[in-house]
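One file, run-v4.cif, is given below (mmCIF, C-alpha atoms).
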data_start
#
loop_
_atom_site.group_PDB
_atom_site.id
_atom_site.type_symbol
_atom_site.label_atom_id
_atom_site.label_comp_id
_atom_site.auth_asym_id
_atom_site.auth_seq_id
_atom_site.Cartn_x
_atom_site.Cartn_y
_atom_site.Cartn_z
ATOM 1 C CA MET F 1 0.000 0.000 0.000
ATOM 2 C CA HIS F 2 0.949 3.661 -0.284
ATOM 3 C CA ALA F 3 -0.037 6.582 1.927
ATOM 4 C CA TRP F 4 0.766 10.177 2.803
ATOM 5 C CA LEU F 5 2.796 9.894 5.996
ATOM 6 C CA CYS F 6 3.105 12.560 8.683
ATOM 7 C CA GLU F 7 6.353 11.937 10.537
ATOM 8 C CA ASN F 8 6.760 15.498 11.828
ATOM 9 C CA PRO F 9 3.571 17.565 12.365
ATOM 10 C CA VAL F 10 4.930 20.925 11.249
ATOM 11 C CA GLY F 11 2.567 21.403 8.297
ATOM 12 C CA VAL F 12 1.453 20.083 4.959
ATOM 13 C CA ASP F 13 4.842 20.387 3.262
ATOM 14 C CA ALA F 14 6.302 17.754 5.587
ATOM 15 C CA LEU F 15 3.920 15.042 4.327
ATOM 16 C CA THR F 16 5.539 12.351 2.174
ATOM 17 C CA TRP F 17 3.995 9.695 -0.109
ATOM 18 C CA LYS F 18 5.476 6.369 0.982
ATOM 19 C CA GLU F 19 5.142 2.658 0.371
ATOM 20 C CA LEU F 20 4.155 0.836 3.567
ATOM 21 C CA PRO F 21 3.384 -2.791 4.462
ATOM 22 C CA THR F 22 -0.294 -3.558 3.933
ATOM 23 C CA PRO F 23 -1.596 -4.303 7.453
ATOM 24 C CA GLN F 24 -3.939 -7.084 8.508
ATOM 25 C CA PRO F 25 -6.986 -6.292 10.629
ATOM 26 C CA GLY F 26 -6.959 -7.102 14.313
ATOM 27 C CA PRO F 27 -9.993 -7.787 16.493
ATOM 28 C CA GLY F 28 -12.791 -5.342 15.740
ATOM 29 C CA GLN F 29 -11.023 -3.937 12.675
ATOM 30 C CA VAL F 30 -11.489 -4.094 8.915
ATOM 31 C CA LEU F 31 -8.994 -3.481 6.116
ATOM 32 C CA VAL F 32 -10.475 -0.954 3.691
ATOM 33 C CA GLU F 33 -9.278 -0.334 0.140
ATOM 34 C CA ILE F 34 -9.830 3.415 -0.115
ATOM 35 C CA LYS F 35 -11.669 4.712 -3.179
ATOM 36 C CA ALA F 36 -12.108 8.333 -2.055
ATOM 37 C CA ALA F 37 -11.270 10.524 0.951
ATOM 38 C CA SER F 38 -12.469 14.026 1.745
ATOM 39 C CA LEU F 39 -10.499 16.930 3.125
ATOM 40 C CA ASN F 40 -11.846 18.494 6.315
ATOM 41 C CA PHE F 41 -10.621 21.404 8.427
ATOM 42 C CA PRO F 42 -9.348 19.063 11.204
ATOM 43 C CA ASP F 43 -7.125 17.382 8.591
ATOM 44 C CA LEU F 44 -5.249 20.674 8.285
ATOM 45 C CA LEU F 45 -4.984 21.222 12.030
ATOM 46 C CA ILE F 46 -3.795 17.683 12.764
ATOM 47 C CA VAL F 47 -0.717 17.909 10.502
ATOM 48 C CA GLN F 48 0.137 21.239 12.185
ATOM 49 C CA ASN F 49 -0.108 19.689 15.676
ATOM 50 C CA LYS F 50 -2.996 22.077 16.432
ATOM 51 C CA TYR F 51 -5.867 19.575 16.733
ATOM 52 C CA GLN F 52 -7.201 18.297 20.061
ATOM 53 C CA MET F 53 -6.460 14.721 18.991
ATOM 54 C CA LYS F 54 -2.690 14.157 18.662
ATOM 55 C CA PRO F 55 -1.958 10.769 17.061
ATOM 56 C CA GLU F 56 1.193 8.855 17.811
ATOM 57 C CA LEU F 57 3.868 9.524 15.185
ATOM 58 C CA PRO F 58 4.119 8.634 12.399
ATOM 59 C CA PHE F 59 0.517 8.648 11.205
ATOM 60 C CA VAL F 60 -1.486 8.892 8.005
ATOM 61 C CA PRO F 61 -3.889 11.874 8.022
ATOM 62 C CA GLY F 62 -7.315 11.771 6.432
ATOM 63 C CA SER F 63 -10.264 11.605 8.802
ATOM 64 C CA GLU F 64 -13.045 10.606 6.407
ATOM 65 C CA TYR F 65 -13.069 8.118 3.542
ATOM 66 C CA ALA F 66 -15.037 5.529 1.604
ATOM 67 C CA GLY F 67 -14.002 2.252 0.056
ATOM 68 C CA VAL F 68 -14.358 -1.514 -0.050
ATOM 69 C CA VAL F 69 -13.752 -3.937 2.819
ATOM 70 C CA GLN F 70 -10.876 -6.269 1.907
ATOM 71 C CA ALA F 71 -10.604 -8.296 5.126
ATOM 72 C CA VAL F 72 -12.246 -8.408 8.550
ATOM 73 C CA GLY F 73 -10.753 -9.097 11.985
ATOM 74 C CA ASP F 74 -12.023 -11.331 14.748
ATOM 75 C CA GLY F 75 -15.379 -10.383 16.190
ATOM 76 C CA VAL F 76 -16.572 -8.409 13.164
ATOM 77 C CA LYS F 77 -20.010 -9.749 12.266
ATOM 78 C CA HIS F 78 -21.846 -6.910 10.499
ATOM 79 C CA LEU F 79 -19.323 -6.366 7.684
ATOM 80 C CA LYS F 80 -17.831 -8.712 5.107
ATOM 81 C CA PRO F 81 -15.189 -8.572 2.359
ATOM 82 C CA GLY F 82 -16.466 -6.838 -0.753
ATOM 83 C CA GLN F 83 -18.851 -4.579 1.166
ATOM 84 C CA ARG F 84 -18.762 -0.837 0.456
ATOM 85 C CA VAL F 85 -18.429 1.384 3.515
ATOM 86 C CA ALA F 86 -17.806 4.961 4.607
ATOM 87 C CA CYS F 87 -15.843 5.740 7.741
ATOM 88 C CA LEU F 88 -14.823 8.697 9.846
ATOM 89 C CA SER F 89 -12.017 7.430 12.049
ATOM 90 C CA GLY F 90 -9.877 10.555 12.456
ATOM 91 C CA THR F 91 -6.815 9.315 10.569
ATOM 92 C CA GLY F 92 -5.798 6.876 7.833
ATOM 93 C CA GLY F 93 -7.753 8.158 4.843
ATOM 94 C CA PHE F 94 -5.033 9.666 2.652
ATOM 95 C CA GLY F 95 -3.689 6.445 1.213
ATOM 96 C CA THR F 96 -4.661 3.372 -0.774
ATOM 97 C CA HIS F 97 -5.594 1.203 2.243
ATOM 98 C CA THR F 98 -6.249 1.635 5.960
ATOM 99 C CA LEU F 99 -7.331 -0.257 9.031
ATOM 100 C CA ALA F 100 -10.666 1.058 10.279
ATOM 101 C CA PRO F 101 -12.627 0.316 13.449
ATOM 102 C CA ALA F 102 -15.531 -1.790 12.260
ATOM 103 C CA ALA F 103 -17.864 -0.029 14.694
ATOM 104 C CA LEU F 104 -17.239 3.286 12.902
ATOM 105 C CA CYS F 105 -17.940 1.942 9.403
ATOM 106 C CA MET F 106 -21.232 2.900 7.775
ATOM 107 C CA PRO F 107 -22.483 0.284 5.267
ATOM 108 C CA LEU F 108 -23.380 2.084 2.054
ATOM 109 C CA PRO F 109 -26.614 1.713 0.097
ATOM 110 C CA ASP F 110 -25.996 1.078 -3.606
ATOM 111 C CA ALA F 111 -27.175 4.607 -4.445
ATOM 112 C CA PHE F 112 -24.078 6.184 -2.862
ATOM 113 C CA THR F 113 -21.213 7.165 -5.136
ATOM 114 C CA ASP F 114 -17.715 6.806 -3.663
ATOM 115 C CA VAL F 115 -17.132 10.568 -3.829
ATOM 116 C CA ASP F 116 -20.415 11.438 -2.100
ATOM 117 C CA ALA F 117 -19.849 8.746 0.541
ATOM 118 C CA ALA F 118 -16.393 10.119 1.373
ATOM 119 C CA ALA F 119 -17.883 13.601 1.861
ATOM 120 C CA PHE F 120 -20.989 12.589 3.799
ATOM 121 C CA ILE F 121 -20.564 11.605 7.431
ATOM 122 C CA MET F 122 -18.864 14.587 9.045
ATOM 123 C CA ILE F 123 -20.913 17.374 7.500
ATOM 124 C CA TYR F 124 -24.355 15.764 7.720
ATOM 125 C CA ALA F 125 -23.875 14.167 11.137
ATOM 126 C CA THR F 126 -22.619 17.472 12.536
ATOM 127 C CA SER F 127 -25.417 19.509 10.964
ATOM 128 C CA TRP F 128 -28.234 17.099 11.878
ATOM 129 C CA HIS F 129 -26.990 16.769 15.461
ATOM 130 C CA ALA F 130 -26.750 20.572 15.680
ATOM 131 C CA LEU F 131 -30.066 21.559 14.129
ATOM 132 C CA MET F 132 -32.398 18.660 14.864
ATOM 133 C CA ASP F 133 -31.043 17.462 18.213
ATOM 134 C CA ARG F 134 -29.317 20.357 19.975
ATOM 135 C CA ALA F 135 -31.467 23.206 18.585
ATOM 136 C CA GLN F 136 -34.698 21.181 18.285
ATOM 137 C CA LEU F 137 -35.433 23.053 15.053
ATOM 138 C CA ARG F 138 -39.106 23.373 14.182
ATOM 139 C CA ALA F 139 -40.792 23.953 10.836
ATOM 140 C CA GLY F 140 -41.396 27.641 10.205
ATOM 141 C CA GLU F 141 -38.420 28.866 12.249
ATOM 142 C CA THR F 142 -35.625 30.928 10.717
ATOM 143 C CA VAL F 143 -32.024 29.664 10.646
ATOM 144 C CA LEU F 144 -28.980 31.837 9.962
ATOM 145 C CA VAL F 145 -26.086 29.734 8.634
ATOM 146 C CA LEU F 146 -22.621 31.292 8.845
ATOM 147 C CA GLY F 147 -19.901 29.987 6.535
ATOM 148 C CA ALA F 148 -22.789 28.697 4.492
ATOM 149 C CA ALA F 149 -20.871 27.717 1.351
ATOM 150 C CA GLY F 150 -18.500 25.352 3.176
ATOM 151 C CA GLY F 151 -19.001 21.662 3.844
ATOM 152 C CA VAL F 152 -21.015 21.823 7.073
ATOM 153 C CA GLY F 153 -22.714 25.026 5.917
ATOM 154 C CA THR F 154 -24.099 23.493 2.724
ATOM 155 C CA ALA F 155 -25.255 20.461 4.713
ATOM 156 C CA ALA F 156 -26.947 22.729 7.256
ATOM 157 C CA ILE F 157 -28.860 24.554 4.507
ATOM 158 C CA GLN F 158 -30.158 21.287 3.079
ATOM 159 C CA ILE F 159 -31.169 19.818 6.446
ATOM 160 C CA ALA F 160 -32.854 23.018 7.634
ATOM 161 C CA LYS F 161 -34.848 23.309 4.416
ATOM 162 C CA ALA F 162 -35.844 19.642 4.564
ATOM 163 C CA ALA F 163 -37.083 20.297 8.114
ATOM 164 C CA GLY F 164 -39.313 23.134 6.894
ATOM 165 C CA ALA F 165 -37.257 26.078 8.158
ATOM 166 C CA ARG F 166 -36.531 29.396 6.468
ATOM 167 C CA VAL F 167 -32.798 29.740 5.793
ATOM 168 C CA ILE F 168 -30.590 32.824 5.600
ATOM 169 C CA ALA F 169 -27.144 31.915 4.295
ATOM 170 C CA ALA F 170 -24.110 34.121 4.986
ATOM 171 C CA ALA F 171 -20.998 33.750 2.802
ATOM 172 C CA SER F 172 -18.085 35.837 1.558
ATOM 173 C CA THR F 173 -18.683 36.183 -2.209
ATOM 174 C CA ASP F 174 -21.535 36.558 -4.678
ATOM 175 C CA GLU F 175 -20.585 33.177 -6.179
ATOM 176 C CA LYS F 176 -20.891 31.478 -2.806
ATOM 177 C CA CYS F 177 -24.208 33.214 -2.129
ATOM 178 C CA ALA F 178 -25.502 31.982 -5.489
ATOM 179 C CA LEU F 179 -24.544 28.423 -4.540
ATOM 180 C CA CYS F 180 -26.460 28.768 -1.273
ATOM 181 C CA ARG F 181 -29.571 29.957 -3.110
ATOM 182 C CA SER F 182 -29.291 26.980 -5.469
ATOM 183 C CA LEU F 183 -29.424 24.715 -2.392
ATOM 184 C CA GLY F 184 -32.655 26.351 -1.215
ATOM 185 C CA ALA F 185 -31.538 29.306 0.914
ATOM 186 C CA ASP F 186 -34.360 31.851 1.084
ATOM 187 C CA ALA F 187 -32.019 34.826 1.513
ATOM 188 C CA THR F 188 -28.280 35.435 1.490
ATOM 189 C CA ILE F 189 -25.879 37.905 3.121
ATOM 190 C CA ASN F 190 -22.527 38.663 1.515
ATOM 191 C CA TYR F 191 -20.053 39.497 4.298
ATOM 192 C CA SER F 192 -17.884 41.542 1.933
ATOM 193 C CA THR F 193 -20.699 43.949 1.028
ATOM 194 C CA HIS F 194 -22.190 44.003 4.557
ATOM 195 C CA PRO F 195 -19.062 44.477 6.681
ATOM 196 C CA LEU F 196 -18.784 43.712 10.378
ATOM 197 C CA PRO F 197 -20.228 44.645 12.726
ATOM 198 C CA GLY F 198 -22.905 47.172 11.743
ATOM 199 C CA GLY F 199 -23.465 46.241 8.122
ATOM 200 C CA PHE F 200 -23.746 42.568 8.997
ATOM 201 C CA ARG F 201 -26.266 43.237 11.773
ATOM 202 C CA ASP F 202 -28.311 45.512 9.496
ATOM 203 C CA ALA F 203 -28.443 42.775 6.856
ATOM 204 C CA ILE F 204 -29.634 40.194 9.418
ATOM 205 C CA LYS F 205 -32.283 42.610 10.672
ATOM 206 C CA GLU F 206 -33.536 43.258 7.138
ATOM 207 C CA ALA F 207 -33.579 39.558 6.222
ATOM 208 C CA THR F 208 -35.631 38.677 9.313
ATOM 209 C CA GLY F 209 -38.010 41.636 9.328
ATOM 210 C CA GLY F 210 -36.412 42.868 12.547
ATOM 211 C CA LYS F 211 -37.168 39.686 14.500
ATOM 212 C CA GLY F 212 -33.761 38.011 14.256
ATOM 213 C CA PRO F 213 -33.038 34.353 13.533
ATOM 214 C CA ASP F 214 -34.420 31.669 15.826
ATOM 215 C CA VAL F 215 -31.329 29.509 15.322
ATOM 216 C CA ILE F 216 -27.785 30.562 14.400
ATOM 217 C CA TYR F 217 -25.477 27.854 13.053
ATOM 218 C CA ASP F 218 -21.891 29.031 13.530
ATOM 219 C CA PRO F 219 -18.900 26.992 12.320
ATOM 220 C CA VAL F 220 -16.866 30.198 11.836
ATOM 221 C CA GLY F 221 -16.420 31.918 15.208
ATOM 222 C CA GLY F 222 -14.065 34.888 15.372
ATOM 223 C CA ASP F 223 -15.439 38.360 14.770
ATOM 224 C CA PHE F 224 -18.798 37.114 13.477
ATOM 225 C CA ALA F 225 -19.977 35.635 16.767
ATOM 226 C CA GLU F 226 -20.857 38.728 18.794
ATOM 227 C CA PRO F 227 -22.753 40.692 16.096
ATOM 228 C CA ALA F 228 -24.619 37.524 15.146
ATOM 229 C CA PHE F 229 -25.560 36.770 18.761
ATOM 230 C CA ARG F 230 -26.678 40.376 19.280
ATOM 231 C CA SER F 231 -29.069 39.840 16.352
ATOM 232 C CA ILE F 232 -30.668 36.611 17.623
ATOM 233 C CA ALA F 233 -34.411 36.337 18.218
ATOM 234 C CA TRP F 234 -36.045 36.014 21.639
ATOM 235 C CA ARG F 235 -35.552 32.414 22.855
ATOM 236 C CA GLY F 236 -33.032 31.896 20.079
ATOM 237 C CA ARG F 237 -30.445 29.099 20.083
ATOM 238 C CA TYR F 238 -26.859 29.874 19.094
ATOM 239 C CA LEU F 239 -25.056 26.729 17.905
ATOM 240 C CA VAL F 240 -21.302 26.707 18.560
ATOM 241 C CA VAL F 241 -20.107 24.359 15.813
ATOM 242 C CA GLY F 242 -16.486 25.389 15.219
ATOM 243 C CA PHE F 243 -13.929 28.131 14.705
ATOM 244 C CA ALA F 244 -12.889 28.010 11.055
ATOM 245 C CA SER F 245 -11.853 31.674 11.096
ATOM 246 C CA GLY F 246 -9.245 30.885 13.759
ATOM 247 C CA PRO F 247 -9.916 32.967 16.888
ATOM 248 C CA ILE F 248 -12.248 31.598 19.555
ATOM 249 C CA PRO F 249 -14.656 34.434 20.411
ATOM 250 C CA ALA F 250 -15.504 35.721 23.878
ATOM 251 C CA LEU F 251 -19.160 36.682 24.248
ATOM 252 C CA PRO F 252 -20.629 39.007 26.912
ATOM 253 C CA LEU F 253 -22.895 36.603 28.800
ATOM 254 C CA ASN F 254 -25.421 39.358 29.541
ATOM 255 C CA LEU F 255 -26.548 38.900 25.928
ATOM 256 C CA THR F 256 -28.016 35.503 26.786
ATOM 257 C CA LEU F 257 -30.055 37.166 29.544
ATOM 258 C CA LEU F 258 -31.274 40.067 27.423
ATOM 259 C CA LYS F 259 -32.373 37.794 24.600
ATOM 260 C CA GLY F 260 -33.624 34.876 26.684
ATOM 261 C CA ALA F 261 -31.307 32.956 24.380
ATOM 262 C CA SER F 262 -29.291 29.760 24.674
ATOM 263 C CA LEU F 263 -25.646 29.212 23.805
ATOM 264 C CA VAL F 264 -25.489 25.573 22.692
ATOM 265 C CA GLY F 265 -22.344 23.502 22.177
ATOM 266 C CA VAL F 266 -22.225 21.044 19.276
ATOM 267 C CA PHE F 267 -19.731 18.153 19.523
ATOM 268 C CA TRP F 268 -20.975 15.406 17.250
ATOM 269 C CA GLY F 269 -17.932 13.176 17.824
ATOM 270 C CA ASP F 270 -18.573 12.883 21.549
ATOM 271 C CA PHE F 271 -22.318 12.534 20.944
ATOM 272 C CA ALA F 272 -21.575 9.505 18.753
ATOM 273 C CA ARG F 273 -19.316 8.026 21.454
ATOM 274 C CA ARG F 274 -21.621 8.714 24.391
ATOM 275 C CA GLU F 275 -24.968 8.008 22.668
ATOM 276 C CA PRO F 276 -24.176 5.367 20.024
ATOM 277 C CA GLU F 277 -27.747 4.139 19.596
ATOM 278 C CA ALA F 278 -29.051 7.657 18.949
ATOM 279 C CA ASN F 279 -26.187 8.253 16.519
ATOM 280 C CA THR F 280 -26.963 5.031 14.638
ATOM 281 C CA ARG F 281 -30.599 6.080 14.262
ATOM 282 C CA MET F 282 -29.501 9.492 13.004
ATOM 283 C CA MET F 283 -27.113 8.040 10.421
ATOM 284 C CA GLY F 284 -29.812 5.660 9.196
ATOM 285 C CA GLU F 285 -32.187 8.582 8.685
ATOM 286 C CA LEU F 286 -29.510 10.583 6.871
ATOM 287 C CA ALA F 287 -28.725 7.655 4.548
ATOM 288 C CA LYS F 288 -32.442 7.391 3.798
ATOM 289 C CA TRP F 289 -32.606 11.109 2.989
ATOM 290 C CA TYR F 290 -29.653 10.724 0.590
ATOM 291 C CA VAL F 291 -31.296 7.806 -1.234
ATOM 292 C CA GLU F 292 -34.516 9.836 -1.476
ATOM 293 C CA GLY F 293 -32.578 12.755 -2.992
ATOM 294 C CA ARG F 294 -33.358 15.176 -0.150
ATOM 295 C CA ILE F 295 -29.670 15.779 0.643
ATOM 296 C CA LYS F 296 -26.522 15.488 -1.462
ATOM 297 C CA PRO F 297 -22.976 16.664 -0.683
ATOM 298 C CA VAL F 298 -21.751 19.672 -2.631
ATOM 299 C CA ILE F 299 -18.436 18.649 -4.203
ATOM 300 C CA ASP F 300 -16.091 21.530 -4.942
ATOM 301 C CA ARG F 301 -13.911 19.167 -6.968
ATOM 302 C CA ALA F 302 -12.477 15.655 -6.951
ATOM 303 C CA MET F 303 -8.689 15.492 -7.287
ATOM 304 C CA PRO F 304 -6.236 12.583 -7.559
ATOM 305 C CA MET F 305 -4.837 11.399 -4.218
ATOM 306 C CA SER F 306 -1.391 12.359 -5.531
ATOM 307 C CA GLU F 307 -2.492 16.032 -5.495
ATOM 308 C CA LEU F 308 -3.185 16.150 -1.761
ATOM 309 C CA LYS F 309 -0.869 19.103 -1.151
ATOM 310 C CA ALA F 310 -2.617 21.110 -3.881
ATOM 311 C CA ALA F 311 -5.950 20.249 -2.261
ATOM 312 C CA TYR F 312 -4.681 21.527 1.101
ATOM 313 C CA ALA F 313 -3.569 24.749 -0.617
ATOM 314 C CA ARG F 314 -7.005 25.210 -2.190
ATOM 315 C CA MET F 315 -8.697 24.673 1.168
ATOM 316 C CA GLY F 316 -6.378 27.233 2.760
ATOM 317 C CA SER F 317 -7.296 29.818 0.120
ATOM 318 C CA ARG F 318 -10.908 29.920 1.424
ATOM 319 C CA GLY F 319 -12.118 29.382 -2.127
ATOM 320 C CA VAL F 320 -13.690 25.970 -1.544
ATOM 321 C CA MET F 321 -17.442 25.581 -1.964
ATOM 322 C CA GLY F 322 -18.659 22.357 -0.381
ATOM 323 C CA LYS F 323 -16.123 19.557 -0.024
ATOM 324 C CA LEU F 324 -12.787 18.650 -1.620
ATOM 325 C CA VAL F 325 -12.368 14.931 -2.304
ATOM 326 C CA LEU F 326 -9.244 12.921 -3.169
ATOM 327 C CA VAL F 327 -9.720 9.803 -5.295
ATOM 328 C CA ASN F 328 -7.584 6.719 -5.924
#
Step by step, read the file and then write its structure as structure tokens.
Amino acid sequence: MHAWLCENPVGVDALTWKELPTPQPGPGQVLVEIKAASLNFPDLLIVQNKYQMKPELPFVPGSEYAGVVQAVGDGVKHLKPGQRVACLSGTGGFGTHTLAPAALCMPLPDAFTDVDAAAFIMIYATSWHALMDRAQLRAGETVLVLGAAGGVGTAAIQIAKAAGARVIAAASTDEKCALCRSLGADATINYSTHPLPGGFRDAIKEATGGKGPDVIYDPVGGDFAEPAFRSIAWRGRYLVVGFASGPIPALPLNLTLLKGASLVGVFWGDFARREPEANTRMMGELAKWYVEGRIKPVIDRAMPMSELKAAYARMGSRGVMGKLVLVN
């Protein structure tokens, strides 16, 4: 097998494509021949030694991938060789083969393409857990999605619309706003033409008729958090999804009092670990929605696995709309 190896987590340039012994699965593991792997923000942080999970060196990055089971270890009953699966295991995806925990593998319906399957779990699980579980989104409510043209943002638009909500999508260019409207967003806000903080707040006020959004989905953080929270509706729920802009914001807690609003943390990974049965039900529903055509990952582009460093560079440029996928 071959894989991109991280022997020194000082950044993308230190990754090297190497030939490695093809491993055999141990108890509870499966050997997966990787067909496609997607690039997520944690995949950038982990090779810079900035992610909360710090794998033992050396390791193969690539948190999310799809492929075909080649062999199964002892105790694995629900998967068999030849079966197509998707997996989000944190590492191992940027190569030709990997060992995956069988418990984390999602059997794929025939309708799934390899590229869509590799781009599916993280964005839809995060967005469903955020909107449907943590925010208890109801039909007729208004959702403001920040970073709406990214992976989790595009998934959030689709899930919110499928749940009967009104969606306001905020993104940084006219092209990204157009993508959001094509996914069903009812209104869009271009950050660059409605600058922080006043212009952004005015745009939210106009888009909601002065009421403010009932739910704010925020994977961006940074300077957007406070003006967005100041714009939230009475009894609103502010979903803390991530900090793609870099800085972790500090909010004046009196805002929660004045708005009767909730600040709600979203950590899908720990939800899946702590509440596995609920997570399994959620993933089954999401797979059903995909087969029915209600949700579909937005693919910015599919690139050869050999072009991983170019894919990282594109992600770092903030030009990505949806997900980047590497294919073998």
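Listed by chain and then by number, the residues chosen by the PyMOL selection byres ((chain F and resi 69) around 7) in this file are F:Val30, F:Leu31, F:Val32, F:Glu33, F:Gly67, F:Val68, F:Gln70, F:Ala71, F:Lys80, F:Pro81, F:Gly82, F:Gln83, F:Arg84.
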Ground truth for the PyMOL selection byres ((chain F and resi 154) around 9), written as a list in words: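 With the PyMOL selection byres ((chain F and resi 154) around 9) on this model, the match is Ile123, Val145, Gly147, Ala148, Ala149, Gly150, Gly151, Val152, Gly153, Ala155, Ala156, Ile157, Gln158, Ile159, Leu179, Cys180, Leu183, Pro297, Val298, Met321 and Gly322 of chain F.
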Per residue of region 109-218 of chain F within 8 Å of region 256-266 of chain F, what are the shortest atom pair and its distance in Å to one decimal, counting all atoms listed in the file, with rows by chain and residue number, as JSON lines?
{"residue": "F:Thr126", "atom": "CA", "partner": "F:Val266", "partner_atom": "CA", "distance": 7.6}
{"residue": "F:His129", "atom": "CA", "partner": "F:Val266", "partner_atom": "CA", "distance": 7.5}
{"residue": "F:Ala130", "atom": "CA", "partner": "F:Val266", "partner_atom": "CA", "distance": 5.8}
{"residue": "F:Arg134", "atom": "CA", "partner": "F:Val264", "partner_atom": "CA", "distance": 7.0}
{"residue": "F:Ala135", "atom": "CA", "partner": "F:Val264", "partner_atom": "CA", "distance": 7.6}
Report, as AutoDock Vina command-line options, the centre and edge lengths in Å (one decimal) of the axis-aligned box enclosing every listed atom of region 108-117 of chain F, padded by 3 Å on each side.
--center_x -22.2 --center_y 6.3 --center_z -1.5 --size_x 16.0 --size_y 16.4 --size_z 13.2
Might you spell out which residues the PyMOL selection byres ((chain F and resi 24) around 8) would select in the displayed file, as a PyMOL selection string? chain F and resi 22-23+25-26+31+71+73+99
Since the input is missing atoms for region 101-114 of chain F, could you rebuild it with N, CA, C and O atoms and give the result as an mmCIF file, keeping the file's coordinate frame?
data_model
loop_
_atom_site.group_PDB
_atom_site.id
_atom_site.type_symbol
_atom_site.label_atom_id
_atom_site.label_comp_id
_atom_site.auth_asym_id
_atom_site.auth_seq_id
_atom_site.Cartn_x
_atom_site.Cartn_y
_atom_site.Cartn_z
ATOM 1 N N PRO F 101 -11.785 0.973 12.449
ATOM 2 C CA PRO F 101 -12.627 0.316 13.449
ATOM 3 C C PRO F 101 -13.963 -0.069 12.821
ATOM 4 O O PRO F 101 -14.664 0.779 12.260
ATOM 5 N N ALA F 102 -14.296 -1.333 12.902
ATOM 6 C CA ALA F 102 -15.531 -1.790 12.260
ATOM 7 C C ALA F 102 -16.749 -1.060 12.795
ATOM 8 O O ALA F 102 -17.705 -0.789 12.058
ATOM 9 N N ALA F 103 -16.714 -0.699 14.078
ATOM 10 C CA ALA F 103 -17.864 -0.029 14.694
ATOM 11 C C ALA F 103 -18.109 1.350 14.104
ATOM 12 O O ALA F 103 -19.221 1.884 14.215
ATOM 13 N N LEU F 104 -17.087 1.951 13.478
ATOM 14 C CA LEU F 104 -17.239 3.286 12.902
ATOM 15 C C LEU F 104 -17.564 3.255 11.412
ATOM 16 O O LEU F 104 -17.691 4.307 10.788
ATOM 17 N N CYS F 105 -17.675 2.057 10.839
ATOM 18 C CA CYS F 105 -17.940 1.942 9.403
ATOM 19 C C CYS F 105 -19.439 1.956 9.130
ATOM 20 O O CYS F 105 -20.207 1.227 9.763
ATOM 21 N N MET F 106 -19.832 2.770 8.184
ATOM 22 C CA MET F 106 -21.232 2.900 7.775
ATOM 23 C C MET F 106 -21.437 2.115 6.484
ATOM 24 O O MET F 106 -20.883 2.469 5.446
ATOM 25 N N PRO F 107 -22.198 1.004 6.515
ATOM 26 C CA PRO F 107 -22.483 0.284 5.267
ATOM 27 C C PRO F 107 -23.222 1.200 4.302
ATOM 28 O O PRO F 107 -24.104 1.961 4.695
ATOM 29 N N LEU F 108 -22.849 1.139 3.026
ATOM 30 C CA LEU F 108 -23.380 2.084 2.054
ATOM 31 C C LEU F 108 -24.480 1.455 1.197
ATOM 32 O O LEU F 108 -24.279 0.396 0.602
ATOM 33 N N PRO F 109 -25.634 2.122 1.099
ATOM 34 C CA PRO F 109 -26.614 1.713 0.097
ATOM 35 C C PRO F 109 -26.017 1.842 -1.304
ATOM 36 O O PRO F 109 -25.103 2.639 -1.542
ATOM 37 N N ASP F 110 -26.540 1.066 -2.247
ATOM 38 C CA ASP F 110 -25.996 1.078 -3.606
ATOM 39 C C ASP F 110 -26.048 2.453 -4.251
ATOM 40 O O ASP F 110 -25.238 2.767 -5.121
ATOM 41 N N ALA F 111 -26.994 3.300 -3.810
ATOM 42 C CA ALA F 111 -27.175 4.607 -4.445
ATOM 43 C C ALA F 111 -25.994 5.537 -4.210
ATOM 44 O O ALA F 111 -25.789 6.490 -4.964
ATOM 45 N N PHE F 112 -25.195 5.296 -3.180
ATOM 46 C CA PHE F 112 -24.078 6.184 -2.862
ATOM 47 C C PHE F 112 -22.952 6.046 -3.877
ATOM 48 O O PHE F 112 -22.490 4.940 -4.159
ATOM 49 N N THR F 113 -22.465 7.173 -4.393
ATOM 50 C CA THR F 113 -21.213 7.165 -5.136
ATOM 51 C C THR F 113 -20.060 7.210 -4.125
ATOM 52 O O THR F 113 -20.237 7.627 -2.981
ATOM 53 N N ASP F 114 -18.871 6.776 -4.561
ATOM 54 C CA ASP F 114 -17.715 6.806 -3.663
ATOM 55 C C ASP F 114 -17.398 8.234 -3.216
ATOM 56 O O ASP F 114 -17.079 8.471 -2.046
#
